[in-house]
Amino acid sequence: MFLVSVVVGPMCEEITYRVGLYGALREKNKVIGFIVSGLVFAFMHIVFTDTTLRAELTAFPIYLLISYFLNYAYEKNGLACSYMAHMTLNLISFIAIMSM
């Protein structure tokens, strides 16, 4: 579980959302790329079957901000930076969940 959520998952997501989606869209329009890749990332992290609507509405803006932060890290410092930031965020979440 640790490897998937902290190591493999963030790499797959960074390649998909930052390199792939954001990278392709920013060639046409950087702002649109930023917004669309952020929205897709946030929607993909919502799990509607496991939580209440209120929790989902609370989580969505958080995921959106995280995605914008990761887009910014990718834009300024490349894939290694956004990947390390994503790994760090997932590690914090992993530790919090495991300590419950």
# chains A, B, ... in the order shown; residues from 1 in each chain; ligands from 1

call {"tool": "residues_around", "arguments": {"residues": "range 33-41 of chain A", "least_positions_apart": "3", "cutoff": "7 Å", "atoms": "only C-alpha atoms", "output": "list of chain:residue names"}}
result
A:Tyr17, A:Leu21, A:Tyr22, A:Leu25, A:Arg26, A:Asn29, A:Lys30, A:Met44, A:His45, A:Leu64, A:Ser67, A:Tyr68, A:Asn71

call {"tool": "closest_atom_pairs", "arguments": {"of": "range 23-88 of chain A", "to": "range 3-15 of chain A", "cutoff": "8 Å", "atoms": "only C-alpha atoms", "output": "JSON lines"}}
result
{"residue": "A:Leu79", "atom": "CA", "partner": "A:Glu14", "partner_atom": "CA", "distance": 7.2}
{"residue": "A:Ser82", "atom": "CA", "partner": "A:Glu14", "partner_atom": "CA", "distance": 7.1}
{"residue": "A:Tyr83", "atom": "CA", "partner": "A:Met11", "partner_atom": "CA", "distance": 6.1}
{"residue": "A:His86", "atom": "CA", "partner": "A:Pro10", "partner_atom": "CA", "distance": 5.8}
{"residue": "A:Met87", "atom": "CA", "partner": "A:Val6", "partner_atom": "CA", "distance": 5.3}
{"residue": "A:Thr88", "atom": "CA", "partner": "A:Val6", "partner_atom": "CA", "distance": 7.7}

call {"tool": "write_last_selection", "arguments": {"atoms": "C-alpha atoms", "output": "PDB file, in the first residue's frame"}}
result
ATOM      1  CA  LEU A  79       8.816  16.842 -13.261  1.00  0.00           C
ATOM      2  CA  SER A  82       6.220  18.168  -8.850  1.00  0.00           C
ATOM      3  CA  TYR A  83       6.826  14.457  -8.245  1.00  0.00           C
ATOM      4  CA  HIS A  86       3.248  14.972  -4.721  1.00  0.00           C
ATOM      5  CA  MET A  87       5.107  12.176  -2.921  1.00  0.00           C
ATOM      6  CA  THR A  88       5.451  14.377   0.162  1.00  0.00           C
TER       7      THR A  88
END

call {"tool": "closest_residue", "arguments": {"among": "A:Thr52, A:Ser99, A:Asn90, A:Thr16", "to": "Ile66 in chain A", "atoms": "only C-alpha atoms"}}
result
A:Asn90
